[in-house]
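A.B. asks: Got a file for you: entry19.txt, compact mmCIF, C-alpha atoms.
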```txt
# COMPACT_ATOMS: atom_id res chain seq x y z
CA MET A 9 78.85 54.98 47.20
CA PHE A 10 78.90 53.85 43.56
CA LYS A 11 81.49 51.15 44.34
CA ILE A 12 79.42 49.81 47.23
CA ALA A 13 76.28 49.71 45.10
CA PHE A 14 78.17 47.94 42.33
CA VAL A 15 79.53 45.33 44.72
CA VAL A 16 76.06 44.72 46.16
CA PHE A 17 74.61 44.38 42.67
CA ILE A 18 77.27 41.88 41.62
CA SER A 19 76.88 39.91 44.85
CA ASN A 20 73.12 39.63 44.42
CA ALA A 21 73.57 38.58 40.81
CA LEU A 22 76.00 35.85 41.78
CA ILE A 23 73.76 34.49 44.51
CA SER A 24 70.79 34.27 42.17
CA CYS A 25 72.38 32.73 39.09
CA HIS A 26 74.25 29.73 37.78
CA LEU A 27 77.58 31.48 38.29
CA TRP A 28 77.28 31.35 42.06
CA ARG A 29 76.55 27.62 41.96
CA ASN A 30 79.49 27.13 39.63
CA ILE A 31 81.79 28.94 42.05
CA ARG A 32 80.39 27.01 44.99
CA TYR A 33 80.60 23.52 43.50
CA GLY A 34 83.47 23.94 41.04
CA GLU A 35 84.21 21.53 38.21
CA ALA A 36 82.06 18.46 37.63
CA ASP A 37 82.79 15.41 39.76
CA LEU A 38 81.21 12.12 40.81
CA ASN A 39 79.28 13.66 43.70
CA ASP A 40 77.36 16.09 41.51
CA TYR A 41 74.25 13.93 41.40
CA LYS A 42 73.86 14.71 45.11
CA ILE A 43 73.79 18.49 44.67
CA PHE A 44 71.00 18.69 42.09
CA PRO A 45 67.33 17.90 42.64
CA SER A 46 66.35 14.73 40.81
CA ARG A 47 63.61 12.26 40.00
CA GLU A 48 64.15 8.70 41.13
CA LEU A 49 64.24 5.58 38.98
CA ILE A 50 63.06 2.57 40.98
CA ALA A 51 64.37 -0.98 40.68
CA LYS A 52 61.52 -3.49 40.87
CA ASN A 53 62.63 -6.49 42.91
CA ASP A 54 60.38 -8.92 41.05
CA THR A 55 61.86 -8.15 37.62
CA ILE A 56 65.62 -7.90 38.27
CA PHE A 57 67.84 -9.22 35.49
CA LYS A 58 71.27 -10.54 36.46
CA PHE A 59 74.23 -11.33 34.27
CA SER A 60 75.94 -14.64 34.99
CA TYR A 61 79.48 -14.76 36.39
CA GLN A 62 82.70 -16.41 35.33
CA ASP A 63 85.43 -17.02 37.85
CA ASN A 64 87.58 -13.87 37.61
CA ASN A 65 90.69 -15.98 38.26
CA ASN A 66 90.22 -17.59 34.86
CA PHE A 67 90.18 -14.28 32.99
CA ASN A 68 93.45 -12.49 32.41
CA LEU A 69 94.29 -9.38 30.42
CA GLU A 70 97.92 -8.85 29.51
CA LEU A 71 98.32 -5.09 29.82
CA ALA A 72 101.47 -4.87 27.71
CA HIS A 73 99.67 -6.64 24.86
CA LEU A 74 96.63 -4.36 25.21
CA ILE A 75 98.80 -1.25 25.13
CA GLN A 76 100.44 -2.48 21.92
CA LYS A 77 97.01 -2.92 20.34
CA TYR A 78 95.89 0.48 21.69
CA ASN A 79 98.89 2.23 20.15
CA TRP A 80 98.36 0.33 16.89
CA LEU A 81 94.76 1.64 16.77
CA ILE A 82 96.01 5.21 17.25
CA GLU A 83 98.56 4.78 14.49
CA THR A 84 96.30 3.10 11.95
CA ARG A 85 93.48 5.58 12.43
CA GLY A 86 95.67 8.67 12.58
CA ILE A 87 94.14 9.70 15.89
CA GLY A 88 95.75 12.73 17.50
CA GLU A 89 96.52 10.97 20.78
CA TYR A 90 99.79 10.16 22.46
CA PRO A 91 100.69 6.46 22.60
CA LEU A 92 100.62 4.80 25.99
CA ALA A 93 103.98 4.00 27.55
CA GLU A 94 104.94 0.39 28.04
CA THR A 95 104.54 -0.83 31.59
CA GLN A 96 105.00 -3.93 33.71
CA GLU A 97 101.87 -3.16 35.73
CA SER A 98 98.92 -5.49 35.91
CA PHE A 99 95.76 -4.44 34.10
CA GLU A 100 93.98 -3.94 37.40
CA SER A 101 96.74 -1.80 38.86
CA TYR A 102 96.82 0.26 35.67
CA ILE A 103 93.12 1.08 35.45
CA LYS A 104 93.08 1.88 39.18
CA SER A 105 95.97 4.31 38.73
CA LYS A 106 94.02 6.02 35.95
CA GLU A 107 91.23 7.23 38.26
CA THR A 108 88.82 4.39 37.45
CA VAL A 109 86.10 3.61 40.00
CA ALA A 110 84.27 0.84 38.09
CA PHE A 111 85.26 -1.43 35.22
CA LEU A 112 83.10 -4.19 33.75
CA ILE A 113 83.71 -6.61 30.89
CA ILE A 114 80.67 -8.65 29.87
CA ARG A 115 80.57 -11.15 27.02
CA ARG A 116 77.61 -13.27 25.96
CA ASP A 117 75.74 -12.22 29.12
CA THR A 118 78.61 -13.39 31.34
CA ILE A 119 80.64 -11.03 33.52
CA LEU A 120 84.28 -11.79 32.79
CA TYR A 121 85.69 -8.93 34.83
CA GLU A 122 84.15 -6.67 37.47
CA LYS A 123 86.24 -4.38 39.66
CA TYR A 124 85.48 -1.35 41.82
CA PHE A 125 88.04 0.94 43.42
CA GLY A 126 88.19 3.24 46.41
CA ASN A 127 84.92 3.27 48.30
CA TYR A 128 82.91 2.33 45.22
CA THR A 129 80.95 -0.92 44.97
CA GLN A 130 78.47 -2.53 42.61
CA ALA A 131 75.71 -0.56 44.36
CA SER A 132 77.39 2.85 43.88
CA VAL A 133 75.40 5.33 41.81
CA ILE A 134 77.65 7.28 39.44
CA PRO A 135 76.81 10.19 37.11
CA SER A 136 76.76 9.40 33.40
CA PHE A 137 77.57 12.93 32.24
CA SER A 138 77.27 12.99 28.42
CA MET A 139 76.47 9.29 28.22
CA ALA A 140 72.98 10.62 28.95
CA LYS A 141 72.87 12.05 25.43
CA SER A 142 72.81 8.50 24.05
CA PHE A 143 70.08 7.53 26.50
CA THR A 144 67.99 10.55 25.51
CA SER A 145 68.34 9.42 21.89
CA MET A 146 67.15 5.97 22.99
CA LEU A 147 63.98 7.50 24.44
CA ILE A 148 63.36 9.42 21.22
CA GLY A 149 63.35 6.02 19.51
CA CYS A 150 60.83 4.75 22.06
CA ALA A 151 58.63 7.80 21.50
CA ILE A 152 58.64 7.25 17.74
CA GLN A 153 57.72 3.59 18.25
CA ASP A 154 54.89 4.67 20.57
CA GLY A 155 53.58 7.16 17.99
CA LEU A 156 54.30 10.16 20.22
CA ILE A 157 56.77 11.51 17.66
CA LYS A 158 56.06 10.92 13.97
CA SER A 159 59.55 10.99 12.50
CA VAL A 160 63.08 12.33 12.95
CA GLU A 161 62.37 14.44 9.87
CA GLU A 162 59.79 16.49 11.75
CA PRO A 163 60.73 20.12 12.44
CA VAL A 164 61.49 20.85 16.07
CA THR A 165 58.91 23.63 15.96
CA ASN A 166 56.15 21.01 15.76
CA TYR A 167 56.87 20.49 19.47
CA VAL A 168 58.49 23.78 20.46
CA PRO A 169 56.57 26.38 18.41
CA GLU A 170 58.14 29.22 20.43
CA LEU A 171 61.28 28.74 18.36
CA LYS A 172 59.58 29.81 15.14
CA LYS A 173 60.38 33.43 15.88
CA GLN A 174 64.11 32.54 15.87
CA GLY A 175 63.78 30.91 12.46
CA PHE A 176 63.96 27.29 13.63
CA ASP A 177 61.37 26.06 11.11
CA LYS A 178 63.96 24.07 9.12
CA LEU A 179 65.61 22.50 12.17
CA THR A 180 64.66 18.83 12.41
CA ILE A 181 64.84 16.28 15.20
CA LYS A 182 67.43 14.44 13.09
CA ASN A 183 69.60 17.56 13.03
CA LEU A 184 69.63 17.50 16.84
CA LEU A 185 70.44 13.78 16.93
CA GLN A 186 73.33 14.27 14.51
CA MET A 187 74.40 17.57 16.10
CA THR A 188 74.11 19.49 12.86
CA SER A 189 71.61 22.01 14.20
CA GLY A 190 73.55 25.18 13.49
CA ILE A 191 72.68 26.43 16.98
CA ASP A 192 75.07 29.02 18.41
CA PHE A 193 76.45 27.02 21.35
CA LYS A 194 80.04 26.71 22.56
CA GLU A 195 81.00 23.45 24.30
CA ASN A 196 83.48 24.81 26.85
CA TYR A 197 83.50 22.95 30.18
CA TYR A 198 85.86 25.28 32.01
CA ASN A 199 84.27 28.68 31.38
CA PRO A 200 81.96 29.59 34.31
CA PHE A 201 80.27 32.17 32.08
CA GLY A 202 79.87 29.74 29.17
CA ASP A 203 76.94 27.93 27.61
CA VAL A 204 77.64 24.56 29.25
CA ALA A 205 77.88 26.06 32.73
CA LYS A 206 74.54 27.81 32.19
CA LEU A 207 72.92 24.49 31.29
CA TYR A 208 74.64 22.50 34.04
CA TYR A 209 73.95 24.91 36.88
CA GLY A 210 70.91 26.72 35.48
CA THR A 211 67.47 26.48 37.07
CA ASN A 212 65.22 27.12 34.07
CA LEU A 213 66.30 24.89 31.20
CA ARG A 214 63.09 25.35 29.23
CA LYS A 215 63.56 29.12 29.13
CA GLN A 216 67.22 28.79 28.32
CA VAL A 217 66.64 26.36 25.45
CA CYS A 218 63.95 28.60 24.01
CA SER A 219 66.44 31.47 23.91
CA PHE A 220 68.81 29.62 21.56
CA GLU A 221 69.75 31.31 18.30
CA LEU A 222 70.89 29.82 15.01
CA LYS A 223 74.45 30.53 13.93
CA SER A 224 74.25 28.65 10.62
CA GLU A 225 71.80 26.70 8.48
CA PRO A 226 70.73 23.34 9.97
CA GLY A 227 71.95 20.15 8.35
CA LYS A 228 75.20 21.56 7.00
CA LYS A 229 77.91 21.15 9.63
CA PHE A 230 78.57 18.99 12.69
CA ASN A 231 79.16 20.81 15.98
CA TYR A 232 79.21 18.73 19.14
CA ASN A 233 77.22 20.63 21.72
CA SER A 234 75.09 19.95 24.77
CA GLY A 235 72.51 22.50 23.66
CA ASP A 236 71.28 20.16 20.92
CA SER A 237 70.72 17.35 23.44
CA GLN A 238 68.87 19.59 25.87
CA LEU A 239 66.61 20.88 23.10
CA LEU A 240 66.06 17.24 22.12
CA GLY A 241 64.95 16.69 25.72
CA LEU A 242 62.43 19.52 25.42
CA VAL A 243 61.05 17.97 22.22
CA LEU A 244 60.67 14.66 24.08
CA GLU A 245 59.05 16.33 27.09
CA ARG A 246 56.51 18.09 24.87
CA ALA A 247 55.77 14.84 23.02
CA LEU A 248 55.14 13.05 26.33
CA LYS A 249 52.65 15.76 27.34
CA ASN A 250 51.46 14.71 30.81
CA GLN A 251 54.42 12.41 31.58
CA ASN A 252 57.91 13.49 32.59
CA ILE A 253 61.05 12.05 31.00
CA THR A 254 62.12 10.10 34.10
CA HIS A 255 58.74 8.40 34.34
CA TYR A 256 59.01 7.47 30.65
CA MET A 257 62.50 6.09 31.27
CA GLN A 258 61.09 4.03 34.14
CA GLU A 259 58.27 2.66 32.00
CA LYS A 260 60.19 1.95 28.80
CA ILE A 261 63.66 0.99 30.10
CA TRP A 262 64.20 0.74 33.85
CA THR A 263 61.46 -1.75 34.65
CA PRO A 264 61.57 -3.86 31.45
CA LEU A 265 65.37 -4.25 31.67
CA GLY A 266 65.21 -5.39 35.28
CA MET A 267 67.58 -2.82 36.72
CA GLU A 268 69.15 -3.97 40.00
CA TYR A 269 69.48 -0.61 41.72
CA ASN A 270 67.63 2.65 42.00
CA GLY A 271 68.93 5.43 39.81
CA SER A 272 67.94 9.03 39.18
CA TRP A 273 67.81 11.78 36.61
CA SER A 274 68.95 15.22 37.74
CA ILE A 275 66.58 18.11 37.05
CA ASP A 276 67.07 21.87 37.01
CA ARG A 277 64.82 22.72 39.97
CA LYS A 278 62.61 20.97 42.51
CA LYS A 279 59.23 22.34 41.44
CA ASN A 280 58.18 21.35 37.92
CA GLY A 281 61.80 20.69 37.02
CA MET A 282 63.12 19.48 33.68
CA GLU A 283 65.57 16.62 33.23
CA LYS A 284 69.11 17.53 32.21
CA THR A 285 69.01 15.36 29.13
CA PHE A 286 72.46 16.43 27.98
CA CYS A 287 74.29 15.07 30.99
CA CYS A 288 72.73 13.73 34.09
CA LEU A 289 71.32 10.23 34.28
CA ASN A 290 72.76 8.58 37.39
CA ALA A 291 73.05 4.81 37.81
CA THR A 292 75.31 1.90 38.72
CA ALA A 293 77.82 0.41 36.31
CA ILE A 294 75.94 -2.90 36.17
CA ASP A 295 72.71 -1.14 35.17
CA PHE A 296 74.42 0.98 32.52
CA ALA A 297 75.64 -2.35 31.11
CA LYS A 298 72.03 -3.47 30.65
CA ILE A 299 71.38 -0.57 28.29
CA GLY A 300 74.40 -1.81 26.38
CA ARG A 301 72.87 -5.31 26.28
CA LEU A 302 69.62 -3.88 24.89
CA TYR A 303 71.47 -2.22 22.01
CA LEU A 304 73.77 -5.19 21.48
CA ASN A 305 70.62 -7.25 20.88
CA LYS A 306 69.14 -4.72 18.43
CA GLY A 307 66.59 -3.37 20.90
CA ASN A 308 65.30 -6.80 21.89
CA TRP A 309 65.14 -7.82 25.55
CA ASN A 310 64.57 -11.51 26.13
CA GLY A 311 62.08 -11.76 23.26
CA HIS A 312 60.41 -8.39 23.76
CA GLN A 313 61.23 -5.61 21.28
CA ILE A 314 61.78 -2.61 23.57
CA ILE A 315 63.10 -0.39 20.76
CA SER A 316 62.76 -1.14 17.07
CA GLU A 317 65.72 -2.83 15.40
CA GLN A 318 65.53 -0.15 12.72
CA TRP A 319 66.11 2.56 15.32
CA VAL A 320 69.13 0.81 16.81
CA ASN A 321 70.59 0.32 13.33
CA GLU A 322 70.00 3.95 12.35
CA SER A 323 71.46 5.16 15.63
CA THR A 324 74.70 3.24 15.31
CA LYS A 325 75.51 3.21 11.60
CA ILE A 326 78.25 5.19 9.92
CA GLU A 327 76.71 8.02 7.91
CA THR A 328 77.97 11.33 6.57
CA SER A 329 74.84 12.83 5.00
CA ASN A 330 73.56 16.30 5.85
CA GLY A 331 76.77 17.42 7.50
CA SER A 332 77.03 14.58 10.02
CA LEU A 333 80.35 12.96 10.88
CA ASP A 334 81.21 9.33 10.20
CA TYR A 335 81.97 8.67 13.89
CA TYR A 336 78.89 10.25 15.47
CA GLN A 337 75.29 9.23 14.86
CA TYR A 338 72.14 9.86 16.90
CA ASN A 339 74.20 10.78 19.98
CA TRP A 340 76.32 7.60 19.82
CA TYR A 341 79.99 7.39 18.85
CA VAL A 342 80.25 4.78 16.12
CA SER A 343 82.96 2.78 14.38
CA LYS A 344 82.98 -0.24 12.06
CA GLU A 345 82.23 -2.93 14.66
CA SER A 346 81.32 -1.05 17.82
CA PHE A 347 79.65 2.01 19.28
CA GLU A 348 79.89 3.90 22.54
CA ALA A 349 78.10 6.27 24.85
CA ILE A 350 80.83 8.57 26.18
CA GLY A 351 80.78 11.15 28.96
CA LEU A 352 82.98 13.63 30.77
CA LEU A 353 85.66 12.16 33.08
CA GLY A 354 86.02 9.13 30.83
CA GLN A 355 82.62 7.60 31.47
CA MET A 356 81.95 5.01 28.79
CA LEU A 357 79.53 2.32 27.71
CA TYR A 358 81.14 0.29 24.91
CA VAL A 359 79.12 -2.17 22.81
CA ASN A 360 80.59 -4.55 20.24
CA PRO A 361 77.85 -6.72 18.69
CA VAL A 362 80.36 -8.71 16.61
CA LYS A 363 82.19 -9.88 19.73
CA LYS A 364 79.00 -9.92 21.85
CA LEU A 365 80.90 -7.62 24.18
CA ILE A 366 79.88 -4.88 26.61
CA ILE A 367 82.40 -2.80 28.58
CA VAL A 368 81.62 -0.14 31.15
CA ARG A 369 84.27 2.20 32.51
CA LEU A 370 83.40 4.90 35.04
CA GLY A 371 85.92 7.17 36.70
CA LYS A 372 86.91 10.37 38.43
CA ASP A 373 88.86 11.51 35.38
CA ARG A 374 89.68 10.37 31.86
CA ALA A 375 93.38 10.44 32.89
CA ASN A 376 94.53 10.99 29.29
CA VAL A 377 93.36 7.54 28.20
CA ARG A 378 91.03 6.84 25.28
CA TRP A 379 88.88 4.27 27.05
CA ASP A 380 87.07 3.43 23.84
CA LEU A 381 90.41 2.36 22.33
CA ILE A 382 91.27 0.35 25.43
CA SER A 383 87.93 -1.38 24.91
CA GLU A 384 88.66 -2.02 21.25
CA ALA A 385 92.04 -3.46 22.23
CA ILE A 386 90.24 -5.81 24.63
CA ALA A 387 87.85 -6.79 21.83
CA LEU A 388 90.79 -7.55 19.54
CA SER A 389 92.28 -9.77 22.24
CA LEU A 390 89.17 -11.93 22.49
CA GLU A 391 88.75 -14.87 20.13
```
Translate the structure described by the file into structure tokens.
C.D. replies:
Amino acid sequence: MFKIAFVVFISNALISCHLWRNIRYGEADLNDYKIFPSRELIAKNDTIFKFSYQDNNNFNLELAHLIQKYNWLIETRGIGEYPLAETQESFESYIKSKETVAFLIIRRDTILYEKYFGNYTQASVIPSFSMAKSFTSMLIGCAIQDGLIKSVEEPVTNYVPELKKQGFDKLTIKNLLQMTSGIDFKENYYNPFGDVAKLYYGTNLRKQVCSFELKSEPGKKFNYNSGDSQLLGLVLERALKNQNITHYMQEKIWTPLGMEYNGSWSIDRKKNGMEKTFCCLNATAIDFAKIGRLYLNKGNWNGHQIISEQWVNESTKIETSNGSLDYYQYNWYVSKESFEAIGLLGQMLYVNPVKKLIIVRLGKDRANVRWDLISEAIALSLE
């Protein structure tokens, strides 16, 4: 009798919690945006912005040369990655073999290269995964510009006072942006009982975020974790008051940038849901590229300052103060000449202002390739 009762208890628990959804849907993939409830982002036909096109036949990438540059970048930076093997493949054949579904190269507002693989097309909506962290940071910048948030130096408890009882008074918005919060959160994507799985498949993100505990003092040590970005989302939601995050994204970014296709932001539940700000903005490759164009132009869009130039500069500079790392700033990966929004499965938005270059790579898997280094190799190949 005890065994039967135990089995029934466990079964009911599984059905009612994130673990059951994790078992049902398994590891993250490109169809995940279809399984979660979401709020839609609408493309306005009268404001669509289009990049110009160059004849693809006139643009050629020599893969062997790119791989040499890629391996040189690994060697010179001391990156713990294996070099890529030499190959006689074409660039297109190579990226296709590495689970890529979309690859764009845009320079000076001109599309030099645009390829889609499998059943994917320019109109295909694809999950951003952790690229969304960078876009959440972008909206924080908008909120500061709009006077909804005073400063990144504000304590998080100004917006989420419930966290005072856990001693979060010294935790600032900047700590969350730099991922130096000290929050006890383990970034393990393959543990169905872990913190990430609870966020990804959970149905009450507000409650979950408000249950966070501090492991160490804020502003002392970098720890990449999705919990910081979801708490950042709650700060933004509270600052917006009567407006949800998706609606704010529509107002500040989607419409002004002239997105070509509808997108969406996944939420935790249908009724009064909260956006998954750590992972789940869904859009087409060409529209992700427009966010890159906005940042490439220091927040300016065709003469209109969408985000302050100061915010873009702060977000993408190399800084090591208060425990932050030199390659990660305000939810962007940064280097000397470029910066990237990077997500699970090798999703990437690469921006190089020096070369006036934007690259988008979206795929089913990273396939053991550092796509940011591939992008830097492409940048090095361009005059």
A.B. asks: With only C-alpha atoms as the atoms that count, which of A:Phe347, A:Tyr358, A:Phe59, A:Phe220 lies nearest to A:Val320?
C.D. replies: A:Phe347
A.B. asks: Just the number, please: distance in Å from atom CA of A:Lys364 to atom CA of A:Lys306, one decimal.
C.D. replies: 11.7 Å
A.B. asks: Return as JSON lines the residues of stretch 242-274 of chain A lying at most 10 Å from stretch 142-163 of chain A, together with the closest atom-to-atom pair for each and the distance in Å to one decimal, counting all atoms listed in the file, with rows in chain order and ascending residue number.
C.D. replies:
```
{"residue": "A:Val243", "atom": "CA", "partner": "A:Ile148", "partner_atom": "CA", "distance": 8.9}
{"residue": "A:Leu244", "atom": "CA", "partner": "A:Ile148", "partner_atom": "CA", "distance": 6.5}
{"residue": "A:Arg246", "atom": "CA", "partner": "A:Leu156", "partner_atom": "CA", "distance": 9.5}
{"residue": "A:Ala247", "atom": "CA", "partner": "A:Leu156", "partner_atom": "CA", "distance": 5.6}
{"residue": "A:Leu248", "atom": "CA", "partner": "A:Leu156", "partner_atom": "CA", "distance": 6.8}
{"residue": "A:Lys249", "atom": "CA", "partner": "A:Leu156", "partner_atom": "CA", "distance": 9.2}
{"residue": "A:Ile253", "atom": "CA", "partner": "A:Leu147", "partner_atom": "CA", "distance": 8.5}
{"residue": "A:Tyr256", "atom": "CA", "partner": "A:Leu147", "partner_atom": "CA", "distance": 8.0}
{"residue": "A:Met257", "atom": "CA", "partner": "A:Leu147", "partner_atom": "CA", "distance": 7.1}
{"residue": "A:Lys260", "atom": "CA", "partner": "A:Cys150", "partner_atom": "CA", "distance": 7.3}
{"residue": "A:Ile261", "atom": "CA", "partner": "A:Leu147", "partner_atom": "CA", "distance": 8.6}
```
A.B. asks: State, in Å with one decimal place, the distance from atom CA of A:Thr180 to atom CA of A:Val164.
C.D. replies: 5.2 Å
A.B. asks: Identify which of the residues A:Thr328, A:Met282, A:Lys173, A:Ile299 lies closest to A:Gly227, counting all atoms listed in the file when measuring atom-to-atom distances.
C.D. replies: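 Checking each candidate against A:Gly227, we get A:Thr328 as the closest.
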A.B. asks: Let me make sure I understand: among A:Met139, A:Leu333, A:Ile315, A:Leu81, which one has the smallest atom-to-atom distance to A:Asn231 if we use all atoms listed in the file?
C.D. replies: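 That would be A:Leu333, the residue with the smallest distance to A:Asn231.
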A.B. asks: Please identify all polymer residues lying at most 9 Å from the point (75.4, 26.8, 9.9) (file coordinates), using only C-alpha atoms, and present the result as an mmCIF file with C-alpha atoms, keeping the file's coordinate frame.
C.D. replies:
```cif
data_model
loop_
_atom_site.group_PDB
_atom_site.id
_atom_site.type_symbol
_atom_site.label_atom_id
_atom_site.label_comp_id
_atom_site.auth_asym_id
_atom_site.auth_seq_id
_atom_site.Cartn_x
_atom_site.Cartn_y
_atom_site.Cartn_z
ATOM 1 C CA THR A 188 74.110 19.490 12.860
ATOM 2 C CA SER A 189 71.610 22.010 14.200
ATOM 3 C CA GLY A 190 73.550 25.180 13.490
ATOM 4 C CA ILE A 191 72.680 26.430 16.980
ATOM 5 C CA ASP A 192 75.070 29.020 18.410
ATOM 6 C CA LEU A 222 70.890 29.820 15.010
ATOM 7 C CA LYS A 223 74.450 30.530 13.930
ATOM 8 C CA SER A 224 74.250 28.650 10.620
ATOM 9 C CA GLU A 225 71.800 26.700 8.480
ATOM 10 C CA PRO A 226 70.730 23.340 9.970
ATOM 11 C CA GLY A 227 71.950 20.150 8.350
ATOM 12 C CA LYS A 228 75.200 21.560 7.000
ATOM 13 C CA LYS A 229 77.910 21.150 9.630
ATOM 14 C CA PHE A 230 78.570 18.990 12.690
#
```
A.B. asks: Would you compute the distance between atom CA of A:Gln251 and atom CA of A:Tyr336? Give it in Å to one decimal.
C.D. replies: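 So the two atoms, atom CA of A:Gln251 and atom CA of A:Tyr336, lie 29.4 Å apart.
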A.B. asks: Given the choices A:Tyr232, A:Arg115, A:Gln238, A:Ser332, which gets closest to A:Val362 if the distance is worked out from all atoms listed in the file?
C.D. replies: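 Answer, going by the shortest atom-to-atom distance: A:Arg115.
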A.B. asks: Could you check the closest approach to A:Glu195 for each of A:Leu390, A:Leu38, A:Leu207, A:Val109 and tell me which residue wins, using only C-alpha atoms?
C.D. replies: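 For A:Glu195, the nearest of the candidates is A:Leu207.
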A.B. asks: Find the residues around stretch 308-310 of chain A up to 12 Å (all atoms listed in the file counted), leave out those fewer than 3 positions away in its own chain, and share them as a list in words.
C.D. replies: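 Using all atoms listed in the file, the neighbours found are Phe57, Asp117, Lys260, Ile261, Trp262, Thr263, Pro264, Leu265, Gly266, Lys298, Ile299, Gly300, Arg301, Leu302, Tyr303, Leu304, Asn305, Gln313, Ile314, Ile315, Ser316, Glu317, Gln318, Trp319 and Val320 of chain A.
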A.B. asks: Could you take the residues named above and write them with C-alpha atoms, as an mmCIF file, keeping the file's coordinate frame?
C.D. replies:
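To be explicit, this is the file written out as result_28.cif:
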```
data_model
loop_
_atom_site.group_PDB
_atom_site.id
_atom_site.type_symbol
_atom_site.label_atom_id
_atom_site.label_comp_id
_atom_site.auth_asym_id
_atom_site.auth_seq_id
_atom_site.Cartn_x
_atom_site.Cartn_y
_atom_site.Cartn_z
ATOM 1 C CA PHE A 57 67.840 -9.220 35.490
ATOM 2 C CA ASP A 117 75.740 -12.220 29.120
ATOM 3 C CA LYS A 260 60.190 1.950 28.800
ATOM 4 C CA ILE A 261 63.660 0.990 30.100
ATOM 5 C CA TRP A 262 64.200 0.740 33.850
ATOM 6 C CA THR A 263 61.460 -1.750 34.650
ATOM 7 C CA PRO A 264 61.570 -3.860 31.450
ATOM 8 C CA LEU A 265 65.370 -4.250 31.670
ATOM 9 C CA GLY A 266 65.210 -5.390 35.280
ATOM 10 C CA LYS A 298 72.030 -3.470 30.650
ATOM 11 C CA ILE A 299 71.380 -0.570 28.290
ATOM 12 C CA GLY A 300 74.400 -1.810 26.380
ATOM 13 C CA ARG A 301 72.870 -5.310 26.280
ATOM 14 C CA LEU A 302 69.620 -3.880 24.890
ATOM 15 C CA TYR A 303 71.470 -2.220 22.010
ATOM 16 C CA LEU A 304 73.770 -5.190 21.480
ATOM 17 C CA ASN A 305 70.620 -7.250 20.880
ATOM 18 C CA GLN A 313 61.230 -5.610 21.280
ATOM 19 C CA ILE A 314 61.780 -2.610 23.570
ATOM 20 C CA ILE A 315 63.100 -0.390 20.760
ATOM 21 C CA SER A 316 62.760 -1.140 17.070
ATOM 22 C CA GLU A 317 65.720 -2.830 15.400
ATOM 23 C CA GLN A 318 65.530 -0.150 12.720
ATOM 24 C CA TRP A 319 66.110 2.560 15.320
ATOM 25 C CA VAL A 320 69.130 0.810 16.810
#
```
A.B. asks: Please identify all polymer residues lying at most 12 Å from the point (78.8, -1.1, 43.8) (file coordinates), using all atoms listed in the file, and present the result as a ChimeraX atom specification.
C.D. replies: /A:109-112,122-134,268-270,291-295,370
A.B. asks: Can I get the selected residues back with C-alpha atoms, as an mmCIF file, in the coordinates of the input?
C.D. replies:
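Result saved to part-v4.cif:
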```cif
data_model
loop_
_atom_site.group_PDB
_atom_site.id
_atom_site.type_symbol
_atom_site.label_atom_id
_atom_site.label_comp_id
_atom_site.auth_asym_id
_atom_site.auth_seq_id
_atom_site.Cartn_x
_atom_site.Cartn_y
_atom_site.Cartn_z
ATOM 1 C CA VAL A 109 86.100 3.610 40.000
ATOM 2 C CA ALA A 110 84.270 0.840 38.090
ATOM 3 C CA PHE A 111 85.260 -1.430 35.220
ATOM 4 C CA LEU A 112 83.100 -4.190 33.750
ATOM 5 C CA GLU A 122 84.150 -6.670 37.470
ATOM 6 C CA LYS A 123 86.240 -4.380 39.660
ATOM 7 C CA TYR A 124 85.480 -1.350 41.820
ATOM 8 C CA PHE A 125 88.040 0.940 43.420
ATOM 9 C CA GLY A 126 88.190 3.240 46.410
ATOM 10 C CA ASN A 127 84.920 3.270 48.300
ATOM 11 C CA TYR A 128 82.910 2.330 45.220
ATOM 12 C CA THR A 129 80.950 -0.920 44.970
ATOM 13 C CA GLN A 130 78.470 -2.530 42.610
ATOM 14 C CA ALA A 131 75.710 -0.560 44.360
ATOM 15 C CA SER A 132 77.390 2.850 43.880
ATOM 16 C CA VAL A 133 75.400 5.330 41.810
ATOM 17 C CA ILE A 134 77.650 7.280 39.440
ATOM 18 C CA GLU A 268 69.150 -3.970 40.000
ATOM 19 C CA TYR A 269 69.480 -0.610 41.720
ATOM 20 C CA ASN A 270 67.630 2.650 42.000
ATOM 21 C CA ALA A 291 73.050 4.810 37.810
ATOM 22 C CA THR A 292 75.310 1.900 38.720
ATOM 23 C CA ALA A 293 77.820 0.410 36.310
ATOM 24 C CA ILE A 294 75.940 -2.900 36.170
ATOM 25 C CA ASP A 295 72.710 -1.140 35.170
ATOM 26 C CA LEU A 370 83.400 4.900 35.040
#
```
A.B. asks: Give the answer as one residue: which of A:Asp63, A:Glu94, A:Asp40, A:Glu245 has the shortest atom-to-atom distance to A:Lys77, using all atoms listed in the file?
C.D. replies: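 For A:Lys77, the nearest of the given residues is A:Glu94.
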A.B. asks: Near stretch 277-280 of chain A, counting only C-alpha atoms, which residues have an atom at most 7 Å away, once you skip same-chain residues fewer than 2 positions from it, shown as JSON, numbers by chain?
C.D. replies: {"A": [45, 211, 275, 282]}
A.B. asks: Report, as JSON, the centre and edge lengths in Å (one decimal) of the axis-aligned box enclosing every listed atom of stretch 69-72 of chain A, padded by 5 Å on each side.
C.D. replies:
```
{"center_x": 97.9, "center_y": -7.1, "center_z": 29.1, "size_x": 17.2, "size_y": 14.5, "size_z": 12.7}
```
A.B. asks: Can you tell me which residues surround A:Gly351 at a distance of at most 8 Å, considering all atoms listed in the file, apart from same-chain residues fewer than 2 positions away, and format the answer as a PyMOL selection string?
C.D. replies: chain A and resi 136-140+287+349+353-356
A.B. asks: Which residues, written as a PyMOL selection string, have at least one atom at most 9 Å from A:Asn79, with all atoms listed in the file counted and residues fewer than 2 positions away on the same chain left out?
C.D. replies: chain A and resi 74-77+81-84+90-92+381
